[in-house]
file coords-v3.cif (mmCIF, N, CA and C atoms)
data_start
loop_
_atom_site.label_atom_id
_atom_site.label_comp_id
_atom_site.auth_asym_id
_atom_site.auth_seq_id
_atom_site.Cartn_x
_atom_site.Cartn_y
_atom_site.Cartn_z
N MET A 1 -34.75 60.89 -76.63
CA MET A 1 -33.44 60.33 -76.37
C MET A 1 -33.52 58.82 -76.43
N ARG A 2 -32.45 58.24 -76.88
CA ARG A 2 -32.38 56.79 -76.98
C ARG A 2 -31.28 56.27 -76.07
N GLN A 3 -31.68 55.47 -75.08
CA GLN A 3 -30.72 54.85 -74.16
C GLN A 3 -30.11 53.64 -74.87
N THR A 4 -28.81 53.64 -75.09
CA THR A 4 -28.18 52.56 -75.84
C THR A 4 -27.41 51.58 -74.96
N CYS A 5 -27.12 51.98 -73.73
CA CYS A 5 -26.48 51.07 -72.78
C CYS A 5 -26.80 51.56 -71.37
N LEU A 6 -26.47 50.75 -70.40
CA LEU A 6 -26.72 51.15 -69.02
C LEU A 6 -25.87 52.36 -68.65
N PRO A 7 -26.45 53.30 -67.88
CA PRO A 7 -25.67 54.47 -67.47
C PRO A 7 -24.35 54.10 -66.79
N ARG A 8 -24.38 53.07 -65.97
CA ARG A 8 -23.16 52.63 -65.27
C ARG A 8 -22.08 52.20 -66.26
N ASP A 9 -22.48 51.44 -67.28
CA ASP A 9 -21.51 50.98 -68.28
C ASP A 9 -20.90 52.15 -69.06
N ALA A 10 -21.72 53.13 -69.39
CA ALA A 10 -21.23 54.30 -70.13
C ALA A 10 -20.31 55.15 -69.26
N PHE A 11 -20.69 55.34 -68.00
CA PHE A 11 -19.93 56.19 -67.10
C PHE A 11 -18.55 55.60 -66.78
N PHE A 12 -18.51 54.28 -66.52
CA PHE A 12 -17.26 53.64 -66.12
C PHE A 12 -16.50 53.02 -67.30
N GLY A 13 -17.06 53.06 -68.50
CA GLY A 13 -16.39 52.50 -69.68
C GLY A 13 -15.31 53.41 -70.22
N ALA A 14 -14.70 52.96 -71.30
CA ALA A 14 -13.66 53.77 -71.96
C ALA A 14 -14.30 55.02 -72.55
N VAL A 15 -13.66 56.16 -72.36
CA VAL A 15 -14.19 57.44 -72.87
C VAL A 15 -13.14 58.15 -73.70
N LYS A 16 -13.62 59.07 -74.51
CA LYS A 16 -12.73 59.91 -75.33
C LYS A 16 -13.33 61.31 -75.36
N ASP A 17 -12.53 62.31 -75.07
CA ASP A 17 -12.98 63.70 -75.16
C ASP A 17 -13.04 64.10 -76.63
N VAL A 18 -14.20 64.62 -77.03
CA VAL A 18 -14.35 65.11 -78.40
C VAL A 18 -15.03 66.47 -78.36
N PRO A 19 -14.78 67.33 -79.34
CA PRO A 19 -15.48 68.61 -79.39
C PRO A 19 -16.98 68.38 -79.64
N VAL A 20 -17.78 69.31 -79.19
CA VAL A 20 -19.23 69.20 -79.37
C VAL A 20 -19.58 69.00 -80.85
N SER A 21 -18.85 69.65 -81.72
CA SER A 21 -19.13 69.55 -83.15
C SER A 21 -18.94 68.13 -83.69
N GLN A 22 -18.21 67.28 -82.95
CA GLN A 22 -17.98 65.90 -83.38
C GLN A 22 -18.70 64.88 -82.51
N ALA A 23 -19.55 65.33 -81.59
CA ALA A 23 -20.18 64.42 -80.64
C ALA A 23 -21.50 63.81 -81.13
N VAL A 24 -22.08 64.32 -82.20
CA VAL A 24 -23.33 63.77 -82.72
C VAL A 24 -23.11 62.31 -83.09
N GLY A 25 -24.00 61.44 -82.61
CA GLY A 25 -23.91 60.01 -82.90
C GLY A 25 -23.09 59.22 -81.89
N ARG A 26 -22.47 59.90 -80.94
CA ARG A 26 -21.70 59.22 -79.89
C ARG A 26 -22.57 59.05 -78.65
N LEU A 27 -22.07 58.27 -77.70
CA LEU A 27 -22.79 58.06 -76.44
C LEU A 27 -22.30 59.04 -75.39
N ALA A 28 -23.22 59.51 -74.57
CA ALA A 28 -22.84 60.37 -73.44
C ALA A 28 -22.16 59.51 -72.39
N ALA A 29 -21.03 59.97 -71.86
CA ALA A 29 -20.33 59.26 -70.79
C ALA A 29 -20.65 59.87 -69.43
N GLU A 30 -21.21 61.07 -69.44
CA GLU A 30 -21.61 61.73 -68.20
C GLU A 30 -22.81 62.62 -68.49
N MET A 31 -23.39 63.19 -67.42
CA MET A 31 -24.56 64.05 -67.63
C MET A 31 -24.18 65.31 -68.40
N LEU A 32 -25.11 65.76 -69.20
CA LEU A 32 -24.93 66.99 -69.98
C LEU A 32 -25.91 68.02 -69.41
N PRO A 33 -25.43 68.86 -68.47
CA PRO A 33 -26.34 69.80 -67.82
C PRO A 33 -26.64 71.01 -68.69
N PRO A 34 -27.88 71.46 -68.67
CA PRO A 34 -28.23 72.67 -69.41
C PRO A 34 -27.81 73.92 -68.64
N SER A 35 -27.93 75.05 -69.29
CA SER A 35 -27.67 76.32 -68.63
C SER A 35 -28.86 77.23 -68.90
N PRO A 36 -29.60 77.68 -67.91
CA PRO A 36 -29.39 77.54 -66.48
C PRO A 36 -29.62 76.10 -66.02
N PRO A 37 -29.09 75.77 -64.81
CA PRO A 37 -29.19 74.40 -64.32
C PRO A 37 -30.63 73.90 -64.27
N GLY A 38 -30.74 72.63 -64.47
CA GLY A 38 -32.05 71.98 -64.44
C GLY A 38 -31.90 70.51 -64.74
N ILE A 39 -32.88 69.94 -65.39
CA ILE A 39 -32.85 68.53 -65.75
C ILE A 39 -31.79 68.31 -66.81
N PRO A 40 -30.94 67.29 -66.66
CA PRO A 40 -29.88 67.06 -67.65
C PRO A 40 -30.45 66.84 -69.06
N ALA A 41 -29.76 67.36 -70.05
CA ALA A 41 -30.16 67.17 -71.44
C ALA A 41 -29.85 65.76 -71.89
N ALA A 42 -28.84 65.15 -71.29
CA ALA A 42 -28.47 63.77 -71.59
C ALA A 42 -27.84 63.16 -70.34
N VAL A 43 -28.01 61.85 -70.20
CA VAL A 43 -27.39 61.11 -69.10
C VAL A 43 -26.50 60.03 -69.71
N PRO A 44 -25.59 59.47 -68.92
CA PRO A 44 -24.69 58.46 -69.47
C PRO A 44 -25.44 57.33 -70.18
N GLY A 45 -24.93 56.95 -71.33
CA GLY A 45 -25.52 55.86 -72.10
C GLY A 45 -26.49 56.30 -73.18
N GLU A 46 -26.85 57.58 -73.21
CA GLU A 46 -27.79 58.07 -74.23
C GLU A 46 -27.04 58.50 -75.49
N LEU A 47 -27.67 58.27 -76.62
CA LEU A 47 -27.12 58.67 -77.90
C LEU A 47 -27.24 60.18 -78.05
N LEU A 48 -26.16 60.85 -78.38
CA LEU A 48 -26.17 62.30 -78.52
C LEU A 48 -26.63 62.70 -79.92
N THR A 49 -27.60 63.60 -79.97
CA THR A 49 -28.13 64.11 -81.23
C THR A 49 -27.89 65.61 -81.30
N GLU A 50 -28.04 66.17 -82.46
CA GLU A 50 -27.80 67.61 -82.63
C GLU A 50 -28.71 68.47 -81.74
N PRO A 51 -30.03 68.20 -81.67
CA PRO A 51 -30.87 69.02 -80.78
C PRO A 51 -30.45 68.95 -79.31
N VAL A 52 -30.00 67.79 -78.87
CA VAL A 52 -29.56 67.64 -77.48
C VAL A 52 -28.28 68.44 -77.24
N LEU A 53 -27.37 68.40 -78.17
CA LEU A 53 -26.12 69.14 -78.01
C LEU A 53 -26.32 70.64 -78.10
N ASP A 54 -27.38 71.10 -78.74
CA ASP A 54 -27.70 72.53 -78.79
C ASP A 54 -28.34 73.01 -77.50
N CYS A 55 -28.92 72.12 -76.73
CA CYS A 55 -29.68 72.46 -75.52
C CYS A 55 -28.86 73.21 -74.47
N PRO A 56 -27.68 72.72 -74.07
CA PRO A 56 -26.95 73.43 -72.99
C PRO A 56 -26.60 74.87 -73.32
N SER A 57 -26.43 75.21 -74.56
CA SER A 57 -26.07 76.58 -74.90
C SER A 57 -27.29 77.45 -75.19
N SER A 58 -28.48 76.87 -75.22
CA SER A 58 -29.67 77.65 -75.56
C SER A 58 -29.96 78.73 -74.53
N GLY A 59 -29.62 78.49 -73.26
CA GLY A 59 -29.83 79.51 -72.24
C GLY A 59 -28.93 80.71 -72.45
N VAL A 60 -27.72 80.48 -72.88
CA VAL A 60 -26.79 81.57 -73.16
C VAL A 60 -27.29 82.35 -74.37
N ASP A 61 -27.73 81.63 -75.42
CA ASP A 61 -28.21 82.29 -76.62
C ASP A 61 -29.43 83.16 -76.36
N SER A 62 -30.31 82.73 -75.42
CA SER A 62 -31.52 83.50 -75.15
C SER A 62 -31.31 84.50 -74.02
N ARG A 63 -30.08 84.61 -73.53
CA ARG A 63 -29.70 85.57 -72.49
C ARG A 63 -30.46 85.39 -71.17
N HIS A 64 -30.57 84.12 -70.73
CA HIS A 64 -31.15 83.86 -69.40
C HIS A 64 -30.26 84.52 -68.36
N ARG A 65 -30.86 84.98 -67.30
CA ARG A 65 -30.10 85.67 -66.27
C ARG A 65 -29.02 84.78 -65.64
N ASN A 66 -29.34 83.48 -65.45
CA ASN A 66 -28.42 82.59 -64.77
C ASN A 66 -27.46 81.87 -65.70
N ALA A 67 -27.53 82.15 -66.98
CA ALA A 67 -26.68 81.45 -67.95
C ALA A 67 -25.26 82.00 -67.90
N ARG A 68 -24.32 81.11 -68.06
CA ARG A 68 -22.92 81.53 -68.10
C ARG A 68 -22.44 81.47 -69.53
N PRO A 69 -21.69 82.47 -69.97
CA PRO A 69 -21.16 82.44 -71.34
C PRO A 69 -20.11 81.37 -71.51
#
call {"tool": "encode", "arguments": {"input": "coords-v3.cif", "output": "structure tokens"}}
result
Amino acid sequence: MRQTCLPRDAFFGAVKDVPVSQAVGRLAAEMLPPSPPGIPAAVPGELLTEPVLDCPSSGVDSRHRNARP
């Protein structure tokens, strides 16, 4: 992951909701939690990449017991 700005600046800065399919190359404005819960896949200020955006749904795809569809 590449931190491109301070987490505080990303969290409190201007944000725009976009679909996951259009989020590659954008900055995270908040934490991106995986499923099942654990260490965030991204924190505010990090550049979002395709592997990172695939991470939260990987638990659902592998049928983890605690994953939510």
call {"tool": "residues_around", "arguments": {"input": "coords-v3.cif", "residues": "Ala29 in chain A", "least_positions_apart": "2", "cutoff": "7 Å", "atoms": "only C-alpha atoms", "output": "ChimeraX atom specification"}}
result
/A:10-11,15,27,44-45
call {"tool": "residues_near_point", "arguments": {"input": "coords-v3.cif", "point": "(-26.0, 65.7, -65.5)", "cutoff": "7 Å", "atoms": "only C-alpha atoms", "output": "tab-separated table (two decimals) with N, CA and C atoms, keeping the file's coordinate frame"}}
result
chain	number	residue	atom	x	y	z
A	30	GLU	N	-21.21	61.07	-69.44
A	30	GLU	CA	-21.61	61.73	-68.20
A	30	GLU	C	-22.81	62.62	-68.49
A	31	MET	N	-23.39	63.19	-67.42
A	31	MET	CA	-24.56	64.05	-67.63
A	31	MET	C	-24.18	65.31	-68.40
A	32	LEU	N	-25.11	65.76	-69.20
A	32	LEU	CA	-24.93	66.99	-69.98
A	32	LEU	C	-25.91	68.02	-69.41
A	33	PRO	N	-25.43	68.86	-68.47
A	33	PRO	CA	-26.34	69.80	-67.82
A	33	PRO	C	-26.64	71.01	-68.69
A	40	PRO	N	-30.94	67.29	-66.66
A	40	PRO	CA	-29.88	67.06	-67.65
A	40	PRO	C	-30.45	66.84	-69.06
A	42	ALA	N	-28.84	65.15	-71.29
A	42	ALA	CA	-28.47	63.77	-71.59
A	42	ALA	C	-27.84	63.16	-70.34
A	43	VAL	N	-28.01	61.85	-70.20
A	43	VAL	CA	-27.39	61.11	-69.10
A	43	VAL	C	-26.50	60.03	-69.71
call {"tool": "atom_distance", "arguments": {"input": "coords-v3.cif", "atom1": "atom N of Leu6 in chain A", "atom2": "CA of Pro37 in chain A"}}
result
24.6 Å
call {"tool": "atom_distance", "arguments": {"input": "coords-v3.cif", "atom1": "atom C of Val20 in chain A", "atom2": "CA of Thr49 in chain A"}}
result
9.9 Å
call {"tool": "closest_residue", "arguments": {"input": "coords-v3.cif", "among": "A:Ala23, A:Arg8, A:Asp17, A:Met1", "to": "Ala41 in chain A", "atoms": "only C-alpha atoms"}}
result
A:Met1
call {"tool": "atom_distance", "arguments": {"input": "coords-v3.cif", "atom1": "CA of Val52 in chain A", "atom2": "CA of Val24 in chain A"}}
result
9.0 Å
call {"tool": "closest_residue", "arguments": {"input": "coords-v3.cif", "among": "A:Ser21, A:Pro34, A:Leu47, A:Leu53", "to": "Arg2 in chain A", "atoms": "all atoms listed in the file"}}
result
A:Leu47
call {"tool": "closest_residue", "arguments": {"input": "coords-v3.cif", "among": "A:Leu48, A:Cys55, A:Ile39, A:Ala14", "to": "Arg26 in chain A", "atoms": "only N, CA and C atoms"}}
result
A:Leu48
